[in-house]
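Participant: You'll find model_14.txt just under this line, and it carries compact mmCIF, C-alpha atoms and all ligand atoms.
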```txt
# COMPACT_ATOMS: atom_id res chain seq x y z
CA MET L 1 -35.82 79.90 19.37
CA ASN L 2 -32.89 82.31 19.40
CA ASP L 3 -29.48 81.17 18.11
CA PHE L 4 -27.16 79.73 20.73
CA THR L 5 -23.85 77.96 21.35
CA TYR L 6 -23.98 75.28 24.02
CA HIS L 7 -20.66 73.98 25.30
CA VAL L 8 -20.37 72.14 28.61
CA PRO L 9 -16.93 70.54 28.60
CA THR L 10 -16.85 69.50 32.27
CA LYS L 11 -16.62 65.76 32.85
CA VAL L 12 -19.06 64.78 35.60
CA ILE L 13 -18.04 61.88 37.84
CA PHE L 14 -21.14 61.22 39.93
CA GLY L 15 -21.86 58.79 42.75
CA ARG L 16 -20.75 57.21 46.00
CA ASP L 17 -17.03 57.30 46.89
CA THR L 18 -16.16 59.12 43.66
CA GLU L 19 -13.80 61.42 45.59
CA LEU L 20 -11.38 58.48 45.55
CA GLN L 21 -11.06 59.04 41.78
CA ALA L 22 -9.65 62.56 42.23
CA GLY L 23 -6.03 61.53 41.59
CA GLU L 24 -6.87 59.67 38.38
CA ALA L 25 -9.08 62.53 37.19
CA VAL L 26 -6.29 65.09 37.65
CA ARG L 27 -3.74 62.81 36.00
CA ARG L 28 -6.00 62.30 32.95
CA GLU L 29 -6.11 66.08 32.56
CA GLY L 30 -2.31 66.25 32.53
CA GLY L 31 -1.80 67.60 36.05
CA HIS L 32 1.39 66.83 38.01
CA LYS L 33 1.49 69.36 40.82
CA VAL L 34 -1.86 70.22 42.36
CA LEU L 35 -2.89 73.21 44.44
CA VAL L 36 -5.77 71.92 46.59
CA LEU L 37 -8.08 74.60 47.99
CA TYR L 38 -10.69 74.12 50.70
CA GLY L 39 -12.93 76.12 53.01
CA GLY L 40 -13.37 76.73 56.68
CA GLY L 41 -12.85 73.19 57.90
CA SER L 42 -15.86 70.98 57.09
CA ALA L 43 -13.77 68.97 54.60
CA VAL L 44 -11.06 68.40 57.21
CA LYS L 45 -13.57 67.42 59.92
CA SER L 46 -15.36 64.90 57.71
CA GLY L 47 -12.08 63.29 56.56
CA LEU L 48 -12.82 64.21 52.94
CA LEU L 49 -9.66 66.27 52.49
CA GLY L 50 -7.55 63.32 53.66
CA ARG L 51 -9.27 60.96 51.22
CA VAL L 52 -8.79 63.38 48.33
CA THR L 53 -5.12 64.11 49.02
CA GLY L 54 -4.56 60.37 49.57
CA SER L 55 -5.98 59.78 46.12
CA LEU L 56 -3.65 62.43 44.65
CA SER L 57 -0.63 60.85 46.32
CA GLY L 58 -1.80 57.41 45.17
CA ALA L 59 -1.79 58.66 41.58
CA GLY L 60 1.80 59.86 41.99
CA LEU L 61 0.95 63.56 42.08
CA GLU L 62 2.56 66.30 44.14
CA TRP L 63 0.15 68.54 46.04
CA GLU L 64 -0.17 71.33 48.56
CA ALA L 65 -3.42 72.11 50.42
CA VAL L 66 -4.47 75.66 51.33
CA GLY L 67 -7.58 76.19 53.46
CA GLY L 68 -9.53 79.06 54.98
CA ILE L 69 -11.80 80.15 52.13
CA ARG L 70 -14.96 81.62 53.58
CA PRO L 71 -18.51 81.91 52.19
CA ASN L 72 -18.83 85.03 49.98
CA PRO L 73 -15.15 84.47 49.17
CA LEU L 74 -12.73 87.36 49.23
CA LEU L 75 -10.54 88.81 46.54
CA GLY L 76 -7.70 89.28 49.08
CA PHE L 77 -7.47 85.56 49.82
CA ALA L 78 -7.40 84.66 46.12
CA GLN L 79 -4.79 87.30 45.26
CA GLN L 80 -2.57 86.33 48.22
CA THR L 81 -2.78 82.68 47.21
CA VAL L 82 -1.60 83.60 43.72
CA ASP L 83 1.17 85.85 45.02
CA GLY L 84 2.40 83.17 47.41
CA HIS L 85 2.39 80.34 44.87
CA ARG L 86 3.23 82.00 41.57
CA ASP L 87 6.69 80.47 41.15
CA ALA L 88 5.95 77.05 42.64
CA GLY L 89 5.14 75.23 39.40
CA PHE L 90 1.54 74.24 40.05
CA ASP L 91 -0.24 73.00 36.94
CA PHE L 92 -3.69 72.12 38.33
CA VAL L 93 -6.08 73.67 40.87
CA LEU L 94 -8.45 71.36 42.73
CA ALA L 95 -11.35 72.77 44.77
CA VAL L 96 -12.67 70.65 47.64
CA GLY L 97 -15.84 72.38 48.77
CA GLY L 98 -18.73 74.47 47.48
CA GLY L 99 -19.23 77.51 45.28
CA SER L 100 -16.99 79.69 47.41
CA VAL L 101 -14.02 77.33 47.14
CA LEU L 102 -14.67 76.71 43.46
CA ASP L 103 -14.92 80.39 42.62
CA THR L 104 -11.67 81.05 44.48
CA ALA L 105 -10.07 78.15 42.60
CA LYS L 106 -11.15 79.69 39.28
CA ALA L 107 -9.67 83.07 40.23
CA VAL L 108 -6.45 81.47 41.48
CA ALA L 109 -6.16 79.39 38.28
CA HIS L 110 -6.42 82.56 36.17
CA GLY L 111 -3.96 84.36 38.46
CA LEU L 112 -1.34 81.60 38.38
CA ALA L 113 -1.54 81.45 34.59
CA ARG L 114 -0.92 85.21 34.32
CA PRO L 115 0.53 86.39 37.66
CA GLY L 116 1.27 89.87 36.32
CA THR L 117 -2.42 90.71 35.96
CA PRO L 118 -4.25 91.66 39.19
CA ILE L 119 -7.21 89.28 39.56
CA TRP L 120 -9.74 92.07 40.15
CA ASP L 121 -9.00 93.50 36.69
CA TYR L 122 -10.87 90.51 35.23
CA TYR L 123 -13.93 91.21 37.39
CA LEU L 124 -13.96 94.90 36.46
CA GLY L 125 -13.70 94.09 32.76
CA ARG L 126 -10.25 95.74 32.54
CA ALA L 127 -8.61 92.51 31.38
CA GLU L 128 -9.84 89.45 29.55
CA VAL L 129 -9.10 85.93 30.80
CA THR L 130 -6.83 84.67 28.04
CA ALA L 131 -5.15 81.88 30.02
CA SER L 132 -5.93 79.73 33.04
CA LEU L 133 -4.69 76.56 34.70
CA PRO L 134 -6.90 73.48 34.36
CA LYS L 135 -9.17 73.03 37.35
CA GLY L 136 -11.57 70.55 38.88
CA SER L 137 -13.66 70.05 41.98
CA VAL L 138 -14.82 67.62 44.61
CA LEU L 139 -18.19 69.20 45.36
CA THR L 140 -19.58 69.21 48.92
CA ILE L 141 -22.78 71.27 48.55
CA ALA L 142 -25.50 71.39 45.91
CA ALA L 143 -26.09 75.08 45.33
CA ALA L 144 -24.06 77.50 43.20
CA GLY L 145 -23.57 75.27 40.16
CA SER L 146 -20.03 76.60 39.83
CA GLU L 147 -18.82 73.03 39.21
CA THR L 148 -19.95 73.28 35.56
CA SER L 149 -20.70 76.99 35.14
CA ASP L 150 -18.81 79.64 33.21
CA SER L 151 -18.95 82.11 36.06
CA ALA L 152 -17.08 82.94 39.25
CA VAL L 153 -18.00 85.44 41.95
CA LEU L 154 -15.69 87.26 44.37
CA THR L 155 -16.14 90.04 46.92
CA ASN L 156 -13.64 92.88 47.09
CA GLU L 157 -13.42 93.41 50.84
CA ALA L 158 -11.90 96.87 50.36
CA THR L 159 -14.98 98.22 48.58
CA GLY L 160 -17.78 95.79 49.51
CA GLU L 161 -18.37 95.06 45.80
CA LYS L 162 -19.44 91.51 44.93
CA ARG L 163 -18.80 90.91 41.24
CA GLY L 164 -19.22 88.00 38.84
CA LEU L 165 -16.88 87.07 36.01
CA GLY L 166 -18.15 85.15 32.98
CA SER L 167 -15.58 83.27 30.89
CA GLU L 168 -15.28 80.04 28.96
CA ARG L 169 -12.05 79.56 30.94
CA ASN L 170 -14.09 79.35 34.14
CA LYS L 171 -15.49 75.97 33.07
CA PRO L 172 -13.74 73.25 35.08
CA GLN L 173 -12.24 70.14 33.48
CA PHE L 174 -14.11 67.81 35.83
CA ALA L 175 -16.58 67.75 38.69
CA ILE L 176 -16.59 64.92 41.20
CA MET L 177 -20.04 64.76 42.75
CA ASN L 178 -20.76 62.34 45.58
CA PRO L 179 -24.22 63.21 46.98
CA ALA L 180 -23.39 61.45 50.26
CA LEU L 181 -20.87 64.24 50.99
CA THR L 182 -23.75 66.72 51.23
CA CYS L 183 -25.50 64.80 54.04
CA THR L 184 -23.40 66.67 56.64
CA LEU L 185 -24.69 70.08 55.54
CA PRO L 186 -26.46 72.09 58.23
CA PRO L 187 -30.18 72.71 57.39
CA ARG L 188 -29.53 76.40 56.71
CA GLN L 189 -26.93 75.57 54.04
CA THR L 190 -29.13 72.87 52.49
CA ALA L 191 -31.97 75.40 52.29
CA CYS L 192 -29.72 78.11 50.83
CA GLY L 193 -28.61 75.63 48.18
CA ILE L 194 -32.16 74.68 47.24
CA ALA L 195 -33.13 78.34 46.85
CA ASP L 196 -30.05 79.04 44.71
CA ILE L 197 -30.69 76.03 42.46
CA MET L 198 -34.27 77.18 41.89
CA MET L 199 -33.16 80.72 41.19
CA HIS L 200 -30.60 79.76 38.53
CA THR L 201 -33.46 78.35 36.48
CA MET L 202 -36.04 80.98 37.44
CA ASP L 203 -33.63 83.79 36.50
CA ARG L 204 -33.56 82.23 33.03
CA TYR L 205 -37.25 81.24 32.85
CA PHE L 206 -38.53 84.80 33.34
CA SER L 207 -37.25 86.01 30.01
CA VAL L 208 -38.54 88.08 27.11
CA ASP L 209 -38.34 85.54 24.27
CA THR L 210 -39.88 82.35 25.57
CA ASP L 211 -40.93 80.43 22.47
CA ASN L 212 -38.86 77.39 23.48
CA ALA L 213 -40.99 74.35 24.25
CA PHE L 214 -38.19 71.98 25.23
CA THR L 215 -36.25 74.57 27.24
CA ASP L 216 -39.41 75.43 29.18
CA ALA L 217 -40.22 71.77 29.80
CA VAL L 218 -36.71 71.10 31.12
CA ALA L 219 -36.82 74.20 33.32
CA GLU L 220 -40.21 73.30 34.79
CA ALA L 221 -39.18 69.68 35.43
CA LEU L 222 -35.99 70.81 37.15
CA LEU L 223 -37.95 73.18 39.37
CA ARG L 224 -40.58 70.55 40.30
CA THR L 225 -37.81 68.06 41.10
CA THR L 226 -35.87 70.53 43.23
CA VAL L 227 -38.99 71.53 45.18
CA GLU L 228 -39.97 67.90 45.85
CA TYR L 229 -36.55 66.55 46.76
CA GLY L 230 -35.59 69.75 48.54
CA ARG L 231 -38.44 69.02 50.94
CA ALA L 232 -37.23 65.44 51.32
CA ALA L 233 -33.62 66.48 52.05
CA MET L 234 -34.79 68.98 54.66
CA ALA L 235 -36.93 66.30 56.31
CA ASP L 236 -34.15 63.68 56.27
CA PRO L 237 -30.63 65.07 55.70
CA ALA L 238 -29.28 61.53 55.13
CA ASP L 239 -31.72 60.76 52.27
CA TYR L 240 -29.25 59.80 49.49
CA LYS L 241 -31.92 59.76 46.78
CA ALA L 242 -32.99 63.31 47.66
CA ARG L 243 -29.39 64.52 47.88
CA SER L 244 -28.66 62.98 44.47
CA GLU L 245 -31.62 64.61 42.77
CA ILE L 246 -30.86 68.09 44.06
CA MET L 247 -27.14 67.75 43.40
CA TRP L 248 -27.74 66.90 39.75
CA CYS L 249 -30.35 69.64 39.44
CA GLY L 250 -27.79 72.06 40.91
CA SER L 251 -25.37 71.50 38.05
CA LEU L 252 -27.93 71.47 35.26
CA SER L 253 -29.64 74.56 36.60
CA HIS L 254 -26.60 76.75 36.00
CA ASN L 255 -24.84 75.42 32.91
CA GLY L 256 -27.20 77.08 30.45
CA LEU L 257 -29.52 74.15 29.66
CA THR L 258 -32.60 75.59 31.36
CA GLY L 259 -32.43 78.85 29.43
CA LEU L 260 -31.26 77.83 25.97
CA GLY L 261 -32.60 79.93 23.12
CA GLN L 262 -33.58 82.94 25.20
CA PRO L 263 -31.82 85.86 26.93
CA LYS L 264 -31.14 85.58 30.66
CA ASP L 265 -32.65 87.99 33.18
CA PHE L 266 -30.77 87.48 36.47
CA SER L 267 -32.09 90.66 38.16
CA PRO L 268 -32.74 88.90 41.51
CA HIS L 269 -29.13 87.70 41.49
CA ALA L 270 -27.88 91.22 40.77
CA LEU L 271 -30.06 92.66 43.56
CA GLY L 272 -28.96 89.89 45.93
CA HIS L 273 -25.23 90.28 45.29
CA GLU L 274 -25.38 93.82 46.69
CA LEU L 275 -26.97 92.50 49.91
CA SER L 276 -24.22 89.89 50.32
CA GLY L 277 -21.52 92.45 49.41
CA MET L 278 -22.77 94.93 52.01
CA PHE L 279 -24.05 92.62 54.78
CA ASP L 280 -22.24 89.32 54.12
CA ILE L 281 -25.46 87.29 54.19
CA PRO L 282 -25.45 83.85 52.49
CA HIS L 283 -26.09 83.96 48.74
CA GLY L 284 -29.23 81.79 48.98
CA GLU L 285 -30.76 84.12 51.57
CA SER L 286 -30.07 87.16 49.42
CA LEU L 287 -32.15 85.47 46.71
CA SER L 288 -35.05 84.33 48.92
CA ILE L 289 -35.33 87.94 50.10
CA MET L 290 -35.07 89.61 46.69
CA TRP L 291 -37.12 87.27 44.47
CA PRO L 292 -40.58 87.96 45.97
CA ALA L 293 -39.94 91.72 45.94
CA TRP L 294 -38.65 91.57 42.35
CA ALA L 295 -41.52 89.32 41.21
CA ARG L 296 -44.25 91.57 42.62
CA TYR L 297 -42.58 94.60 41.01
CA VAL L 298 -42.29 93.11 37.51
CA VAL L 299 -45.27 90.74 37.31
CA GLY L 300 -47.28 93.29 35.31
CA SER L 301 -44.70 92.97 32.48
CA GLY L 302 -45.63 89.34 31.91
CA PRO L 303 -48.48 87.94 33.99
CA ALA L 304 -48.98 85.08 31.50
CA ARG L 305 -45.42 83.86 32.12
CA PHE L 306 -45.90 83.90 35.89
CA ALA L 307 -49.26 82.13 35.43
CA ARG L 308 -47.67 79.40 33.35
CA PHE L 309 -44.99 79.02 36.03
CA GLY L 310 -47.77 78.68 38.61
CA ARG L 311 -49.64 76.02 36.64
CA ASN L 312 -46.66 73.94 35.48
CA VAL L 313 -44.39 74.16 38.52
CA TRP L 314 -46.75 74.68 41.45
CA GLY L 315 -49.82 72.83 40.11
CA LEU L 316 -52.10 75.87 40.39
CA ALA L 317 -55.42 75.49 38.61
CA ARG L 318 -56.64 79.08 38.32
CA GLU L 319 -57.78 80.19 34.88
CA ASP L 320 -57.29 83.90 35.32
CA ASP L 321 -53.66 84.80 34.54
CA ALA L 322 -53.38 87.68 37.00
CA ALA L 323 -54.76 85.62 39.89
CA CYS L 324 -52.61 82.64 38.98
CA ALA L 325 -49.51 84.85 38.74
CA ALA L 326 -50.14 86.29 42.20
CA ALA L 327 -50.69 82.79 43.61
CA ALA L 328 -47.46 81.57 42.00
CA ILE L 329 -45.45 84.32 43.70
CA ALA L 330 -47.11 83.44 47.01
CA ALA L 331 -46.28 79.75 46.42
CA VAL L 332 -42.57 80.50 46.00
CA GLU L 333 -42.57 82.72 49.05
CA GLY L 334 -44.40 80.04 51.04
CA TYR L 335 -41.86 77.42 49.98
CA PHE L 336 -38.92 79.63 51.00
CA ARG L 337 -40.59 80.13 54.41
CA GLU L 338 -41.09 76.37 54.67
CA LEU L 339 -37.32 75.97 54.15
CA GLY L 340 -36.73 78.45 56.95
CA MET L 341 -35.39 81.09 54.56
CA PRO L 342 -35.87 84.84 55.08
CA VAL L 343 -38.20 86.55 52.61
CA CYS L 344 -37.65 90.14 53.79
CA PHE L 345 -34.80 92.20 55.26
CA SER L 346 -36.08 92.04 58.82
CA GLN L 347 -35.89 88.22 58.84
CA ALA L 348 -32.21 88.13 57.81
CA GLU L 349 -29.08 88.95 59.79
CA MET L 350 -29.12 92.46 58.40
CA GLY L 351 -32.25 93.80 60.13
CA VAL L 352 -34.41 96.65 58.86
CA GLN L 353 -32.53 99.14 56.73
CA SER L 354 -32.55 102.94 56.53
CA ASP L 355 -33.67 104.73 53.41
CA GLU L 356 -30.10 105.90 52.89
CA THR L 357 -28.85 102.29 52.81
CA LEU L 358 -31.55 101.24 50.34
CA ARG L 359 -30.53 104.09 48.03
CA GLU L 360 -26.90 103.04 48.34
CA LEU L 361 -27.83 99.44 47.43
CA ALA L 362 -29.64 100.68 44.31
CA ARG L 363 -26.69 102.91 43.41
CA ARG L 364 -24.25 100.01 43.69
CA CYS L 365 -26.54 97.58 41.85
CA SER L 366 -26.82 100.01 38.93
CA TYR L 367 -23.03 100.50 38.99
CA CYS L 368 -23.59 104.17 39.91
CA GLY L 369 -26.35 104.55 37.36
CA SER L 370 -24.30 103.20 34.48
CA ARG L 371 -26.09 99.89 33.87
CA VAL L 372 -29.59 98.62 33.28
CA VAL L 373 -30.29 95.36 35.11
CA GLY L 374 -32.29 92.44 33.66
CA ARG L 375 -34.33 91.79 30.54
CA PHE L 376 -37.79 90.66 31.69
CA GLN L 377 -38.30 94.23 32.83
CA PRO L 378 -35.17 96.37 32.45
CA LEU L 379 -34.40 98.08 35.75
CA ARG L 380 -32.51 101.33 36.30
CA GLU L 381 -31.40 102.82 39.61
CA PRO L 382 -34.83 104.31 40.56
CA GLU L 383 -36.62 100.97 39.87
CA LEU L 384 -33.96 99.03 41.76
CA TYR L 385 -34.51 101.34 44.72
CA GLU L 386 -38.28 100.66 44.57
CA ILE L 387 -37.60 96.92 44.71
CA TYR L 388 -35.22 97.23 47.68
CA LEU L 389 -37.93 99.34 49.35
O1 LIG X 1 -16.15 76.36 54.63
P1 LIG X 1 -16.66 75.04 55.11
O2 LIG X 1 -16.20 74.70 56.48
O3 LIG X 1 -16.43 73.93 54.14
O4 LIG X 1 -18.26 75.22 55.30
C1 LIG X 1 -19.11 75.54 54.22
C2 LIG X 1 -19.65 76.98 54.26
O5 LIG X 1 -19.71 77.45 55.58
C3 LIG X 1 -20.37 74.73 54.36
N1 LIG X 1 -20.28 73.41 53.75
C4 LIG X 1 -20.05 73.12 52.45
N2 LIG X 1 -20.12 71.80 52.25
C5 LIG X 1 -20.37 71.23 53.45
C6 LIG X 1 -20.46 72.27 54.42
N3 LIG X 1 -20.72 72.01 55.72
C7 LIG X 1 -20.89 70.73 56.09
N4 LIG X 1 -20.85 69.70 55.20
C8 LIG X 1 -20.60 69.92 53.89
N5 LIG X 1 -20.59 68.89 53.02
O6 LIG X 1 -21.37 75.46 53.68
C9 LIG X 1 -21.08 76.85 53.77
C10 LIG X 1 -21.34 77.50 52.43
O7 LIG X 1 -20.38 77.09 51.48
P2 LIG X 1 -20.28 77.89 50.09
O8 LIG X 1 -19.21 77.28 49.29
O9 LIG X 1 -20.19 79.35 50.39
O10 LIG X 1 -21.71 77.61 49.46
P3 LIG X 1 -22.25 77.74 47.99
O11 LIG X 1 -21.94 76.56 47.18
O12 LIG X 1 -23.66 78.14 48.15
O13 LIG X 1 -21.42 78.96 47.33
C11 LIG X 1 -21.84 80.29 47.49
C12 LIG X 1 -20.95 81.22 46.69
O14 LIG X 1 -21.06 80.90 45.29
C13 LIG X 1 -21.44 82.10 44.58
C14 LIG X 1 -22.23 82.85 45.61
O15 LIG X 1 -22.41 84.19 45.28
C15 LIG X 1 -21.40 82.65 46.86
O16 LIG X 1 -20.32 83.53 46.88
N6 LIG X 1 -22.10 81.76 43.33
C16 LIG X 1 -21.33 81.25 42.35
C17 LIG X 1 -21.86 80.97 41.11
C18 LIG X 1 -21.01 80.44 40.02
N7 LIG X 1 -19.70 80.45 40.19
O17 LIG X 1 -21.50 80.02 38.95
C19 LIG X 1 -23.26 81.23 40.77
C20 LIG X 1 -24.13 81.51 41.95
O18 LIG X 1 -25.24 82.24 41.54
C21 LIG X 1 -23.45 82.20 43.08
O19 LIG X 1 -23.42 83.58 42.89
ZN ZN X 2 -26.91 81.85 42.55
```
What's the structure tokens form of this structure?

Facilitator:
Amino acid sequence: MNDFTYHVPTKVIFGRDTELQAGEAVRREGGHKVLVLYGGGSAVKSGLLGRVTGSLSGAGLEWEAVGGIRPNPLLGFAQQTVDGHRDAGFDFVLAVGGGSVLDTAKAVAHGLARPGTPIWDYYLGRAEVTASLPKGSVLTIAAAGSETSDSAVLTNEATGEKRGLGSERNKPQFAIMNPALTCTLPPRQTACGIADIMMHTMDRYFSVDTDNAFTDAVAEALLRTTVEYGRAAMADPADYKARSEIMWCGSLSHNGLTGLGQPKDFSPHALGHELSGMFDIPHGESLSIMWPAWARYVVGSGPARFARFGRNVWGLAREDDAACAAAAIAAVEGYFRELGMPVCFSQAEMGVQSDETLRELARRCSYCGSRVVGRFQPLREPELYEIYL
């Protein structure tokens, strides 16, 4: 087991009607004036935004709500929100929504704490996040895990770059998680969330140092649970038990627990971000497309690991590692298809791509040849191109 530091400071408030505790939760964290951020309208339509702001008012807090954050959230929106609110005295940022709203809230919280620093500087590594406002969320979709994660992802609409930012200051103070709120999700968003939850653990599981019995057991249990209850939520969107299981898996999948003691890989995420940056496809779909291609490219670097994954997650009984590994990849691909997810470019809203575009994707993913992606099998620009192919 490699050395590690594990710090998950986010208070989780889980269960029915917990959104009504938003005001108290902010007050306990010392907030007085709250900038509430939300997305394209689902939280307004469902009445959730009204319940949350009612709870803030009930706790004696001032608030202002700003909506319009879109999936694959944009740098421009976050920067404009900072510029327009920098002198207004906000001391807490509350996200009502999913990963896109949360990631915007994280960026806005950093921006309001240090308005002189352009937000994108943090994502390019030109500045370090040394201050941020406290932040929390009322989560409406089980997917990105941003509610307890140390990362935040934005797309720079001027360049098409989708970049992640890792920082301890990205970890929210609290996460309010009412699984019933996710029952209104359209099937496509439920499916995207299931794929993303699986991938946050799988991108840790396929690692180079894997001598971690407990970490592996937790990872495999989380994946089995997500597969089982993902099916149940797709079959019956109002199944509270299923929604609860996948919501909890969503948080634990991306707060480090399922990869403790080993380096992360995250190549499929890196490959997928370029697809979303260039074609604006949902994050979950970028992963269901890239994982099978990545897995078939790298399986030779660790067939025993893929075989173990097949036996312990998918219940495969084959003795031969190579055959079991191939069957495991097919099982994941089959499950994604069952969810209605695309597993190749032609099935997504981006169509078949020219060779020139595939080369451009590889160039961007390798940061113009300056970075090597992943650990399970380190990938440079030529290998990334082969995978996109
Ligand atoms: O905008 P509204 O109208 O709310 O609709 C949203 C949006 O269209 C809808 N939705 C959310 N909750 C709903 C609902 N519709 C009906 N009922 C509800 N209860 O779902 C759509 C997708 O929302 P979004 O927030 O984009 O989804 P998700 O949570 O999957 O977030 C995706 C973003 O998170 C990033 C992704 O790259 C992507 O930009 N990620 C963030 C991570 C992190 N911060 O740790 C890690 C992930 O790997 C990921 O990269
Ligand atoms: Zn993800």

Participant: Show me the residues around (-4.3, 67.3, 42.1) - criterion: an atom at most 7 Å away, only C-alpha atoms counted - as a list in words.

Facilitator: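 All residues meeting the 7 Å criterion around (-4.3, 67.3, 42.1) are Gly23, Val26, Gly31, Lys33, Val34, Leu35, Val36, Leu56, Leu61, Trp63, Phe92, Val93 and Leu94 of chain L.
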
Participant: Using only C-alpha atoms and all ligand atoms, can you tell me which of L:Gly50, L:Pro292, L:Gly256, L:Gly250 comes closest to ligand ZN 2 (chain X)?

Facilitator: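 Using only C-alpha atoms and all ligand atoms, ligand ZN 2 (chain X) sits closest to L:Gly250.
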
Participant: Could the centre and edge lengths of an axis-aligned box, enclosing all atoms of ligand LIG 1 (chain X) in the file with 8 Å extra on each side, be given in Å to one decimal as lines of an AutoDock Vina configuration file?

Facilitator:
```
center_x = -20.7
center_y = 76.5
center_z = 47.7
size_x = 25.1
size_y = 31.3
size_z = 33.5
```

Participant: Using all atoms listed in the file, which residues sit within 7 Å of stretch 181-190 of chain L once same-chain residues fewer than 2 positions away are excluded, as a PDB file with C-alpha atoms, keeping the file's coordinate frame?

Facilitator:
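Listed below is the output, out_6.pdb:
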```pdb
ATOM      1  CA  THR L 140     -19.580  69.210  48.920  1.00  0.00           C
ATOM      2  CA  ILE L 141     -22.780  71.270  48.550  1.00  0.00           C
ATOM      3  CA  ASN L 178     -20.760  62.340  45.580  1.00  0.00           C
ATOM      4  CA  PRO L 179     -24.220  63.210  46.980  1.00  0.00           C
ATOM      5  CA  CYS L 192     -29.720  78.110  50.830  1.00  0.00           C
ATOM      6  CA  GLY L 193     -28.610  75.630  48.180  1.00  0.00           C
ATOM      7  CA  ILE L 194     -32.160  74.680  47.240  1.00  0.00           C
ATOM      8  CA  MET L 234     -34.790  68.980  54.660  1.00  0.00           C
ATOM      9  CA  PRO L 237     -30.630  65.070  55.700  1.00  0.00           C
ATOM     10  CA  ALA L 238     -29.280  61.530  55.130  1.00  0.00           C
ATOM     11  CA  ARG L 243     -29.390  64.520  47.880  1.00  0.00           C
TER      12      ARG L 243
END
```

Participant: Between L:Ala113, L:Val96, L:Leu389, L:Leu379, which one has atoms that come closest to L:Gly47, using all atoms listed in the file?

Facilitator: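 Answer, going by the shortest atom-to-atom distance: L:Val96.
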
Participant: So, with all atoms listed in the file as the atoms that count, which of L:Thr225, L:Val208, L:Gly230, L:Leu316 lies closest to L:Phe376?

Facilitator: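 Residue with the minimum atom-to-atom distance to L:Phe376: L:Val208.
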
Participant: Point out the residue among L:Gly54, L:Pro382, L:Pro118, L:Gly145 with the least atom-to-atom distance to ligand ZN 2 (chain X), counting all atoms listed in the file.

Facilitator: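 Distance minimum relative to ligand ZN 2 (chain X) lands on L:Gly145.
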
Participant: Which residues are near ligand ZN 2 (chain X) - at most 9 Å, using all atoms listed in the file? Format: as a list in words.

Facilitator: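 Selection of residues at most 9 Å from ligand ZN 2 (chain X): Ala143, Ala144, Gly145, Gly193, Ala195, Asp196, Ile197, Met198, Met199, His200, His254, His269, Gly272, His283, Gly284 and Leu287 of chain L.
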
Participant: Could you tell me how far atom CA of L:Leu222 lies from atom CA of L:Cys249, in Å and to one decimal?

Facilitator: 6.2 Å

Participant: Measure the distance from atom CA of L:Arg51 to atom CA of L:Val138 in Å and round it to one decimal.

Facilitator: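 Going from atom CA of L:Arg51 over to atom CA of L:Val138 covers 10.9 Å.
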
Participant: To one decimal place, how far is atom O1 of ligand LIG 1 (chain X) from atom CA of L:Phe345 in Å?

Facilitator: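 For atom O1 of ligand LIG 1 (chain X) relative to atom CA of L:Phe345, the distance reads 24.5 Å.
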
Participant: Would you pick out the contacts of L:Ala175 at 6 Å or less, using only C-alpha atoms, so that residues sharing its chain but fewer than 5 positions from it are not included, and give the list as a list in words?

Facilitator: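 Near neighbours after the sequence-gap exclusion: Val12, Gly136, Ser137 and Glu147 of chain L.
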
Participant: Would you list the residues near (-38.2, 92.6, 45.4), meaning any protein, DNA or RNA residue with an atom at most 10 Å from that point in file coordinates, counting all atoms listed in the file, as a ChimeraX atom specification?

Facilitator: /L:267-268,271-272,287-298,343-344,384-389

Participant: Hey, what's within 6 Å of L:Asp103 if we count all atoms listed in the file and toss same-chain stuff fewer than 4 positions away? As JSON, numbers by chain, please?

Facilitator: {"L": [99, 152, 153]}
